[in-house]
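Peer 1: Here you go, one structure.
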Amino acid sequence: MSIALVGTRGVPARYGGFETAVEEVGRRLAERGHRVVVYCRTVPGAGEAPPAEHLGMELVHLPAARRRSLETLSHTALSVRHLLTHRTDAAIVFNSANAPLLPALRAARIPVATHVDGLEWKRAKWGPAGRRYYRVAEALAVRWSDVLIADAEGIAEYYREAFAAPTTLLTYGAPLIAPGSHRLAELGLEPGGYHLAVARFEPENHVDVVVEGYTASEATKPLVVVGSAPYADDYTRRVHALADERVRFLGGVWDQELLDQLYANCATYLHGHSVGGTNPSLLRAIGAGAAVTAFDVDFNREVVRDSGRFFRTPQDVAREIAAVEADPEGTRRAGRRARLLAARYDWDEVAGGYEELALRLAARDVPRRRPSGRRRPTAADAPLAPRPQPAPPADNVVPLPTAGSAPWAHLPAGQQ
């Protein structure tokens, strides 16, 4: 069978969840004898020709408009045009933003599934026009896809409530890793001696809440922050302004061994993502046995369950960090419990789910009639409100400082 994977930055995976899924699933499908074609974005100014193959997958490199609002759709439009003349038995399109291009695939009788991802219209980086576009694109994906893919039960529930639309639940995998700790010395860190946050600097990932809450705490262990963002200079400046000398910003780290050791040896992993469904960074953290303190939304509770701590506000972060440092043995138990939970997310099983779905698409074993795409109100439409929390001990919380120009430490690391 030949399968096209369309709508991401492509592989090798160096950016986010979609790219991770394409690499992990695509290489396994190729190992099982399928022809896998991955559409990749060209990198402006690259010094050498891009590879034509990666881990058994065929790569097609095409350009994209270098504007945030046009980058995804422009590249996918070129990919779809190429696919129409280089047909495959099935296509999987990632990101509901690409839904306006689905009629071209349907007209060419290429069966297609759309991986709808999270609630993109709730991301703060989009203005009113962008948010309206994503809401319309969701409805078009429901109407024009042969199958919808959800990566979390919370996303599946949203599509049931909003559109009465069924989905196929295909999560990400959580690699079980024990990477050691010998690389930490390069950063002046010791096992269990730091807190960790890994995220792109975007408001819905709540890096500012993590940093503000940490700064307000009396933590004795430093906070290590991994991540950057190509379009978020103002937000990045805000995050840095909230930090004090205990916060260490590493930028983007693409050395996977080093990143895995950071996950595996932190006192707690602070995860602020709130709108993206099941998150690969969170899964990698629990697969490394990290104790997790996560932003309190259903997607994150679905993953960490009873092993996690949760926050919504800077005050919550300060309280939970104090609790982690006060109970190191309980924190280690939480990490062990998280690693057990990670076994539920297996890449081989995930790839098997994609294989079964592609076989169904190629055989046209899909419903002939799709939902209309008419939207109904859901709980997701309401603004995010703080969840009630038990009152913390008075000595665990200190007054929040005002944002100032406090210094912070920079350490060398790989950059995006």
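As shown in the structure tokens, the chain order sets the letters A, B, ...; within each chain, residues go from 1, and ligands are also counted from 1 in the order they appear.
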If you run DSSP over the backbone, which residues in segment 25-141 of chain A end up alpha helix (DSSP H)? Put them as a VMD selection string.

Peer 2: chain A and resid 25 to 31 68 to 85 102 to 107 128 to 141

Peer 1: With only C-alpha atoms counted and 7 Å as the cut-off, give the residues of segment 146-227 of chain A in contact with segment 266-274 of chain A, each with its shortest interatomic distance in Å and the pair that gives it, as a tab-separated table.

Peer 2:
residue	atom	partner	partner_atom	distance
A:Pro191	CA	A:Cys266	CA	6.5
A:Gly192	CA	A:Ala267	CA	4.6
A:Gly193	CA	A:Ala267	CA	6.3
A:Tyr194	CA	A:Cys266	CA	5.5
A:His195	CA	A:Thr268	CA	5.2
A:Leu196	CA	A:Tyr269	CA	4.8
A:Ala197	CA	A:Leu270	CA	5.0
A:Glu204	CA	A:Ser274	CA	5.9
A:Asn205	CA	A:His273	CA	4.1
A:His206	CA	A:Gly272	CA	4.9
A:Val207	CA	A:Gly272	CA	6.4

Peer 1: Next, write the just-selected residues to a file, as a compact mmCIF listing (two decimals), in the first residue's frame, keeping C-alpha atoms as the atom set.

Peer 2:
# COMPACT_ATOMS: atom_id res chain seq x y z
CA PRO A 191 20.22 14.43 39.16
CA GLY A 192 17.15 15.59 41.09
CA GLY A 193 18.68 19.02 41.52
CA TYR A 194 16.50 21.15 39.24
CA HIS A 195 12.95 21.69 37.99
CA LEU A 196 12.30 21.53 34.23
CA ALA A 197 9.94 23.13 31.70
CA GLU A 204 -1.30 28.75 25.73
CA ASN A 205 1.78 26.82 26.90
CA HIS A 206 1.86 29.01 30.03
CA VAL A 207 5.64 29.34 30.28

Peer 1: Please compute the atom CA of Ser181 of chain A-atom CA of Asp346 of chain A distance, one decimal, in Å.

Peer 2: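 Straight-line distance from atom CA of Ser181 of chain A to atom CA of Asp346 of chain A works out to 24.2 Å.
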
Peer 1: Would you give me, as a PDB file with C-alpha atoms, in the first residue's frame, the residues in segment 263-352 of chain A that DSSP reads as strand (DSSP E or B)?

Peer 2:
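After the write, result-v4.pdb holds the following:
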ATOM      1  CA  THR A 268       9.601  17.796  38.626  1.00  0.00           C
ATOM      2  CA  TYR A 269       8.628  18.458  35.025  1.00  0.00           C
ATOM      3  CA  LEU A 270       6.347  21.513  34.722  1.00  0.00           C
ATOM      4  CA  HIS A 271       4.031  21.129  31.736  1.00  0.00           C
ATOM      5  CA  VAL A 292       4.825  15.869  36.486  1.00  0.00           C
ATOM      6  CA  THR A 293       3.201  19.132  37.556  1.00  0.00           C
ATOM      7  CA  ALA A 294       0.825  19.951  34.689  1.00  0.00           C
ATOM      8  CA  PHE A 295      -1.581  22.677  33.680  1.00  0.00           C
ATOM      9  CA  ARG A 309       0.178  17.543  40.409  1.00  0.00           C
ATOM     10  CA  PHE A 310      -1.791  20.318  38.697  1.00  0.00           C
ATOM     11  CA  PHE A 311      -1.813  24.121  38.447  1.00  0.00           C
TER      12      PHE A 311
END

Peer 1: Please, what distance in Å, to one decimal, runs between atom CA of Ala165 of chain A and atom CA of Ala137 of chain A?

Peer 2: 14.4 Å
